[in-house]
$ cat model-v2.cif   # mmCIF, C-alpha atoms (C1' of nucleotides)
data_data
#
loop_
_atom_site.label_atom_id
_atom_site.label_comp_id
_atom_site.auth_asym_id
_atom_site.auth_seq_id
_atom_site.Cartn_x
_atom_site.Cartn_y
_atom_site.Cartn_z
CA MET I 1 -122.50 87.91 67.22
CA HIS I 2 -124.03 90.86 65.41
CA THR I 3 -121.77 93.61 64.14
CA HIS I 4 -123.66 96.18 66.17
CA ALA I 5 -123.25 94.24 69.39
CA ARG I 6 -119.57 93.75 68.73
CA ILE I 7 -119.02 97.44 68.22
CA MET I 8 -120.90 98.24 71.41
CA THR I 9 -118.71 95.84 73.34
CA MET I 10 -115.62 97.46 71.88
CA VAL I 11 -116.80 100.88 72.86
CA MET I 12 -117.71 99.76 76.35
CA ASN I 13 -114.39 98.07 76.88
CA MET I 14 -112.33 100.73 75.19
CA GLN I 15 -109.37 100.89 77.46
CA THR I 16 -108.04 104.33 78.17
CA HIS I 17 -105.17 105.27 80.42
CA TYR I 18 -106.02 108.43 82.25
CA ASP I 19 -103.34 110.42 83.99
CA PHE I 20 -103.78 112.22 87.27
CA GLU I 21 -105.21 115.39 85.76
CA GLN I 22 -107.72 113.54 83.61
CA CYS I 23 -108.90 111.46 86.56
CA GLN I 24 -109.25 114.64 88.57
CA GLN I 25 -111.48 116.16 85.93
CA LEU I 26 -113.55 113.03 85.33
CA ILE I 27 -114.22 112.59 89.02
CA ASP I 28 -115.10 116.24 89.35
CA GLU I 29 -117.57 116.00 86.47
CA ARG I 30 -119.19 112.69 87.39
CA LEU I 31 -119.10 112.45 91.17
CA ASP I 32 -120.46 115.31 93.24
CA LEU I 33 -117.99 115.03 96.09
CA PRO I 34 -119.26 118.03 98.08
CA PHE I 35 -122.78 116.63 97.95
CA PHE I 36 -121.72 113.19 99.15
CA ARG I 37 -119.45 114.59 101.80
CA ALA I 38 -122.48 116.47 103.10
CA VAL I 39 -124.83 113.50 103.02
CA VAL I 40 -122.49 110.72 104.06
CA ASP I 41 -122.35 111.82 107.68
CA PRO I 42 -123.84 110.05 110.71
CA VAL I 43 -125.92 112.97 111.90
CA ARG I 44 -126.92 114.42 108.53
CA SER I 45 -127.92 111.12 106.90
CA ASN I 46 -130.01 110.44 109.98
CA LEU I 47 -131.61 113.86 109.62
CA ILE I 48 -132.55 113.19 106.01
CA LEU I 49 -134.25 109.90 106.78
CA PHE I 50 -135.87 111.39 109.86
CA LEU I 51 -137.36 114.22 107.81
CA ALA I 52 -138.34 111.89 104.98
CA SER I 53 -140.34 109.73 107.37
CA ASN I 54 -141.71 112.40 109.69
CA GLY I 55 -142.46 115.11 107.17
CA GLU I 56 -142.10 118.81 107.77
CA MET I 57 -140.87 119.85 111.20
CA THR I 58 -139.37 122.88 112.88
CA ILE I 59 -135.75 122.98 113.99
CA GLY I 60 -136.80 122.83 117.61
CA GLU I 61 -138.98 119.77 117.10
CA ILE I 62 -136.22 118.02 115.20
CA ALA I 63 -133.55 118.90 117.76
CA GLU I 64 -135.68 117.45 120.56
CA GLN I 65 -135.30 114.02 118.97
CA PHE I 66 -131.54 114.24 118.49
CA PRO I 67 -128.80 114.09 121.10
CA GLN I 68 -127.03 117.11 119.60
CA ASN I 69 -127.62 120.66 120.67
CA ARG I 70 -130.27 122.66 118.80
CA SER I 71 -127.67 125.00 117.32
CA VAL I 72 -125.79 122.00 115.99
CA ILE I 73 -128.91 120.63 114.32
CA SER I 74 -129.56 124.08 112.89
CA ARG I 75 -126.14 124.15 111.30
CA HIS I 76 -126.42 120.61 109.91
CA LEU I 77 -129.79 121.44 108.36
CA ASP I 78 -128.42 124.66 106.89
CA LEU I 79 -125.60 122.69 105.29
CA LEU I 80 -128.05 120.19 103.80
CA TYR I 81 -130.17 123.07 102.56
CA ARG I 82 -127.24 124.55 100.69
CA PHE I 83 -126.97 121.24 98.82
CA ASP I 84 -130.69 121.17 98.07
CA VAL I 85 -131.03 118.02 100.16
CA VAL I 86 -133.73 119.58 102.31
CA LEU I 87 -136.26 122.32 101.72
CA ARG I 88 -137.18 124.98 104.24
CA ARG I 89 -139.64 127.76 104.76
CA LYS I 90 -139.92 130.33 107.46
CA VAL I 91 -143.26 130.77 109.21
CA GLY I 92 -143.21 133.48 111.80
CA ARG I 93 -140.19 132.83 113.93
CA GLU I 94 -140.10 129.12 113.17
CA VAL I 95 -138.26 127.45 110.32
CA TYR I 96 -139.77 124.32 108.85
CA TYR I 97 -137.58 121.75 107.16
CA LYS I 98 -138.52 118.78 105.03
CA ALA I 99 -136.55 116.25 103.02
CA ASN I 100 -136.00 116.79 99.32
CA SER I 101 -136.06 113.06 98.71
CA LYS I 102 -136.14 113.31 94.95
CA VAL I 103 -132.81 115.14 94.81
CA VAL I 104 -131.13 112.66 97.12
CA ALA I 105 -132.44 109.62 95.26
CA THR I 106 -131.48 111.15 91.92
CA LYS I 107 -127.99 112.03 93.07
CA PHE I 108 -127.34 108.51 94.29
CA ALA I 109 -128.74 107.02 91.10
CA GLU I 110 -126.62 109.29 88.94
CA ALA I 111 -123.52 108.49 90.95
CA ALA I 112 -124.19 104.77 90.62
CA THR I 113 -124.58 105.07 86.86
CA ASN I 114 -121.50 107.25 86.46
CA MET I 115 -119.29 105.09 88.64
CA GLU I 116 -120.42 101.99 86.79
CA ALA I 117 -119.48 103.64 83.50
CA LEU I 118 -116.22 105.14 84.76
CA LEU I 119 -114.90 101.96 86.35
CA SER I 120 -115.95 99.57 83.60
CA LEU I 121 -112.85 100.37 81.58
CA SER I 122 -111.99 96.70 81.62
CA GLU I 123 -108.33 95.69 82.10
CA MET C 1 -156.92 100.00 88.97
CA HIS C 2 -156.16 96.37 89.71
CA THR C 3 -156.29 95.18 93.27
CA HIS C 4 -152.69 94.03 93.10
CA ALA C 5 -151.43 97.37 91.86
CA ARG C 6 -153.41 99.18 94.53
CA ILE C 7 -151.87 97.08 97.26
CA MET C 8 -148.39 97.64 95.88
CA THR C 9 -148.97 101.38 95.88
CA MET C 10 -150.18 101.21 99.46
CA VAL C 11 -147.10 99.30 100.51
CA MET C 12 -144.78 101.64 98.70
CA ASN C 13 -146.40 104.70 100.18
CA MET C 14 -146.91 103.22 103.62
CA GLN C 15 -146.05 106.15 105.79
CA THR C 16 -144.08 105.34 108.86
CA HIS C 17 -142.73 107.77 111.41
CA TYR C 18 -139.32 106.66 112.51
CA ASP C 19 -137.78 108.08 115.64
CA PHE C 20 -134.11 108.88 116.02
CA GLU C 21 -133.11 105.37 117.08
CA GLN C 22 -134.95 103.71 114.21
CA CYS C 23 -133.41 106.10 111.68
CA GLN C 24 -130.03 105.38 113.17
CA GLN C 25 -130.50 101.65 112.69
CA LEU C 26 -132.00 101.92 109.20
CA ILE C 27 -129.16 104.12 107.99
CA ASP C 28 -126.65 101.80 109.55
CA GLU C 29 -128.17 98.79 107.80
CA ARG C 30 -128.75 100.35 104.39
CA LEU C 31 -125.99 102.89 103.89
CA ASP C 32 -122.39 101.84 104.40
CA LEU C 33 -121.15 105.11 105.81
CA PRO C 34 -117.56 103.97 106.50
CA PHE C 35 -117.27 102.77 102.90
CA PHE C 36 -118.56 106.02 101.44
CA ARG C 37 -116.51 108.13 103.76
CA ALA C 38 -113.49 106.24 102.47
CA VAL C 39 -114.39 106.56 98.80
CA VAL C 40 -115.85 110.06 98.75
CA ASP C 41 -112.51 111.78 99.15
CA PRO C 42 -110.64 113.83 96.55
CA VAL C 43 -107.44 111.81 96.62
CA ARG C 44 -108.94 108.36 97.13
CA SER C 45 -111.67 108.66 94.50
CA ASN C 46 -108.97 109.81 92.10
CA LEU C 47 -106.86 106.79 93.04
CA ILE C 48 -109.72 104.43 92.31
CA LEU C 49 -110.35 105.83 88.85
CA PHE C 50 -106.63 106.03 88.18
CA LEU C 51 -106.19 102.34 89.01
CA ALA C 52 -109.33 101.36 87.12
CA SER C 53 -108.00 102.96 83.97
CA ASN C 54 -104.30 102.16 84.30
CA GLY C 55 -104.54 98.67 85.70
CA GLU C 56 -102.20 97.14 88.22
CA MET C 57 -99.38 99.37 89.45
CA THR C 58 -96.92 99.53 92.32
CA ILE C 59 -97.19 102.14 95.05
CA GLY C 60 -94.11 103.91 93.75
CA GLU C 61 -95.45 104.12 90.20
CA ILE C 62 -98.78 105.43 91.46
CA ALA C 63 -97.19 107.96 93.78
CA GLU C 64 -95.11 109.38 90.92
CA GLN C 65 -98.34 110.52 89.26
CA PHE C 66 -99.82 112.15 92.37
CA PRO C 67 -98.77 115.34 94.10
CA GLN C 68 -98.89 113.69 97.52
CA ASN C 69 -95.94 112.06 99.17
CA ARG C 70 -95.42 108.35 98.61
CA SER C 71 -96.16 107.52 102.23
CA VAL C 72 -99.44 109.39 101.93
CA ILE C 73 -100.43 107.40 98.85
CA SER C 74 -99.44 104.22 100.65
CA ARG C 75 -101.77 105.04 103.52
CA HIS C 76 -104.66 106.00 101.25
CA LEU C 77 -104.32 102.74 99.34
CA ASP C 78 -104.15 100.78 102.56
CA LEU C 79 -107.38 102.40 103.70
CA LEU C 80 -109.09 101.55 100.39
CA TYR C 81 -107.80 98.00 100.69
CA ARG C 82 -109.41 97.60 104.09
CA PHE C 83 -112.74 98.45 102.45
CA ASP C 84 -112.14 96.00 99.60
CA VAL C 85 -112.11 98.89 97.14
CA VAL C 86 -108.73 97.87 95.79
CA LEU C 87 -106.86 94.58 95.62
CA ARG C 88 -103.18 94.17 96.28
CA ARG C 89 -100.45 91.59 96.07
CA LYS C 90 -96.87 91.69 97.14
CA VAL C 91 -94.21 90.70 94.66
CA GLY C 92 -90.75 90.83 96.09
CA ARG C 93 -90.44 94.18 97.80
CA GLU C 94 -93.07 95.82 95.63
CA VAL C 95 -96.78 95.98 96.31
CA TYR C 96 -99.12 95.99 93.36
CA TYR C 97 -102.54 97.58 93.63
CA LYS C 98 -105.49 97.40 91.29
CA ALA C 99 -109.06 98.65 91.46
CA ASN C 100 -111.81 96.34 92.61
CA SER C 101 -114.30 98.02 90.31
CA LYS C 102 -117.05 95.50 90.84
CA VAL C 103 -117.24 96.18 94.57
CA VAL C 104 -117.36 99.94 94.06
CA ALA C 105 -120.03 99.79 91.37
CA THR C 106 -122.09 97.36 93.43
CA LYS C 107 -121.87 99.49 96.55
CA PHE C 108 -123.04 102.58 94.72
CA ALA C 109 -125.87 100.67 93.04
CA GLU C 110 -126.98 99.19 96.37
CA ALA C 111 -126.88 102.58 98.04
CA ALA C 112 -128.95 104.11 95.24
CA THR C 113 -131.55 101.37 95.54
CA ASN C 114 -131.68 101.56 99.33
CA MET C 115 -131.89 105.34 99.46
CA GLU C 116 -134.63 105.32 96.86
CA ALA C 117 -136.60 102.85 98.98
CA LEU C 118 -135.86 104.56 102.29
CA LEU C 119 -136.80 108.04 101.17
CA SER C 120 -139.90 107.11 99.18
CA LEU C 121 -142.01 107.12 102.29
CA SER C 122 -144.34 109.63 100.64
CA GLU C 123 -145.74 112.43 102.80
"C1'" DA J 1 -72.36 90.51 104.95
"C1'" DA J 2 -72.97 95.04 103.02
"C1'" DC J 3 -75.68 97.83 100.43
"C1'" DA J 4 -79.68 99.49 97.63
"C1'" DT J 5 -84.60 99.64 96.81
"C1'" DA J 6 -89.53 99.56 98.07
"C1'" DT J 7 -92.70 100.02 101.45
"C1'" DG J 8 -94.54 100.58 106.33
"C1'" DT J 9 -94.82 103.49 110.40
"C1'" DG J 10 -93.99 106.83 114.38
"C1'" DC J 11 -94.24 111.49 114.98
"C1'" DA J 12 -95.23 116.43 114.67
"C1'" DT J 13 -97.90 119.81 112.35
"C1'" DG J 14 -101.66 122.02 110.04
"C1'" DT J 15 -106.44 122.07 108.63
"C1'" DG J 16 -111.16 121.06 108.72
"C1'" DT J 17 -115.10 120.42 111.26
"C1'" DG J 18 -118.28 118.78 114.95
"C1'" DT J 19 -119.84 120.40 119.32
"C1'" DG J 20 -121.91 123.35 123.03
"C1'" DC J 21 -122.26 127.73 125.25
"C1'" DA J 22 -123.33 132.42 125.15
"C1'" DT J 23 -125.21 136.01 122.71
"C1'" DG J 24 -127.39 138.57 118.96
"C1'" DA J 25 -131.30 138.98 115.73
"C1'" DT J 26 -136.01 138.30 114.45
"C1'" DT J 27 -140.69 137.61 115.33
"C1'" DG J 28 -144.96 137.06 118.11
"C1'" DC J 29 -147.55 138.40 122.03
"C1'" DA J 30 -149.18 141.02 126.10
"C1'" DT O 1 -142.96 149.14 124.49
"C1'" DG O 2 -141.51 145.22 127.09
"C1'" DC O 3 -141.09 140.33 127.26
"C1'" DA O 4 -140.91 135.58 125.58
"C1'" DA O 5 -139.88 132.27 121.98
"C1'" DT O 6 -137.31 130.68 118.01
"C1'" DC O 7 -133.44 130.58 115.43
"C1'" DA O 8 -128.69 132.23 113.73
"C1'" DT O 9 -124.00 132.99 114.79
"C1'" DG O 10 -119.47 134.17 117.11
"C1'" DC O 11 -116.39 131.81 119.84
"C1'" DA O 12 -113.58 128.33 122.10
"C1'" DC O 13 -112.53 123.65 122.43
"C1'" DA O 14 -111.86 118.88 121.04
"C1'" DC O 15 -111.03 115.55 117.80
"C1'" DA O 16 -110.34 113.40 113.38
"C1'" DC O 17 -107.42 113.21 109.71
"C1'" DA O 18 -104.35 114.58 105.81
"C1'" DT O 19 -99.64 115.52 105.13
"C1'" DG O 20 -94.54 115.08 104.98
"C1'" DC O 21 -90.34 113.93 107.20
"C1'" DA O 22 -87.41 110.67 109.31
"C1'" DC O 23 -86.61 106.21 110.28
"C1'" DA O 24 -87.70 101.13 110.67
"C1'" DT O 25 -88.59 96.94 108.16
"C1'" DA O 26 -88.45 93.76 104.36
"C1'" DT O 27 -86.62 92.17 100.23
"C1'" DG O 28 -83.32 91.90 96.39
"C1'" DT O 29 -78.50 92.39 94.75
"C1'" DT O 30 -73.58 92.11 94.81
#

$ encode --input "model-v2.cif" --output "structure tokens"
Amino acid sequence: MHTHARIMTMVMNMQTHYDFEQCQQLIDERLDLPFFRAVVDPVRSNLILFLASNGEMTIGEIAEQFPQNRSVISRHLDLLYRFDVVLRRKVGREVYYKANSKVVATKFAEAATNMEALLSLSE
Amino acid sequence: MHTHARIMTMVMNMQTHYDFEQCQQLIDERLDLPFFRAVVDPVRSNLILFLASNGEMTIGEIAEQFPQNRSVISRHLDLLYRFDVVLRRKVGREVYYKANSKVVATKFAEAATNMEALLSLSE
DNA sequence: AACATATGTGCATGTGTGTGCATGATTGCA
DNA sequence: TGCAATCATGCACACACATGCACATATGTT
């Protein structure tokens, strides 16, 4: 085994014992909980995919396709907007929403990478 | 551009308009919402990292390090166990828990891949 | 058997949030 | 200006769930 590879393995398996506070901070830095709590929801995840596949639509058009009330859809979309998950623009009295797929995909990819790194502490 | 590459691009960008029901089913198949709703929680995500870094511990030992009551920690761990996020074994009257890091990392990686594929419907 | 320790569980409480209705605000149109 | 359409928001209600206490259960010890 090469020296370089051995060192890399040591670094990767460096076993650290984090206490509660350290875990708190690491999770906070590497896992965007508010984002995931917004996305990992039956209605909102459905909305994201729906917008990603159907393109830009108004709140009214979207709400027609969902069992929830229009005001409920409006609030869900507003929440997703605050997390940059969807984009919106106002045209007259209508508000058009569309998925911000890149952000969602990136967030999931980042989380996967970070969790992989965080949990691979061996032991 | 090669014919093969052109076809791949077409497939990847094939634009499909899913209705509510189809989105519901696709999300259900490709995003394990119950799993993420279990993991994406301030206390439970902390527990996972804590166990991943500190190795196997009893409920009492774990609870000493957390602000929550021991019974609360017990219930959180039991929930994580039901999603295969942690492993446990009973030794005498003590219950030892440890992180099932592989499952967590795999789930996040799968979700990232699936979301990337689901949301890359162009448009 | 009697007691101590570790954990599970029933219960009450508080908090967050999803939901729909009613209403207000904004914009377009006649 | 008056009216209709679209959306935002205040409000009440329901429900899920996190929490801690008290107690039950299981196991070890004397």

$ interface_residues --input "model-v2.cif" --of "chain J" --to "chain I" --cutoff "12 Å" --atoms "all atoms listed in the file" --output "PyMOL selection string"
chain J and resi 17-22+25-28

$ resolve_selection --input "model-v2.cif" --expression "the PyMOL selection byres ((chain O) within 7 of (chain C))" --output "CSV table (one decimal) with C-alpha atoms (C1' of nucleotides), in the coordinates of the input"
chain,number,residue,atom,x,y,z
O,19,DT,C1',-99.6,115.5,105.1
O,20,DG,C1',-94.5,115.1,105.0
O,26,DA,C1',-88.4,93.8,104.4
O,27,DT,C1',-86.6,92.2,100.2

$ resolve_selection --input "model-v2.cif" --expression "the PyMOL selection byres ((chain I) within 8 of (chain C))" --output "MDAnalysis selection string"
chainID I and resid 15:20 23:24 27 33 36:37 40:42 45:46 49:50 52:55 65:66 101 104:105 108:109 111:113 115:116 118:123

$ resolve_selection --input "model-v2.cif" --expression "the PyMOL selection byres ((chain J and resi 9) around 8)" --output "ChimeraX atom specification"
/J:8,10 /O:24

$ residues_near_point --input "model-v2.cif" --point "(-123.9, 136.8, 118.4)" --cutoff "8 Å" --atoms "only C-alpha atoms (C1' of nucleotides)" --output "list in words"
DT23 and DG24 of chain J; DT9 and DG10 of chain O

$ axis_aligned_box --input "model-v2.cif" --around "region 14-28 of chain I" --padding-each-side "6 Å" --output "AutoDock Vina command-line options"
--center_x -109.2 --center_y 108.5 --center_z 82.3 --size_x 23.8 --size_y 27.5 --size_z 26.2
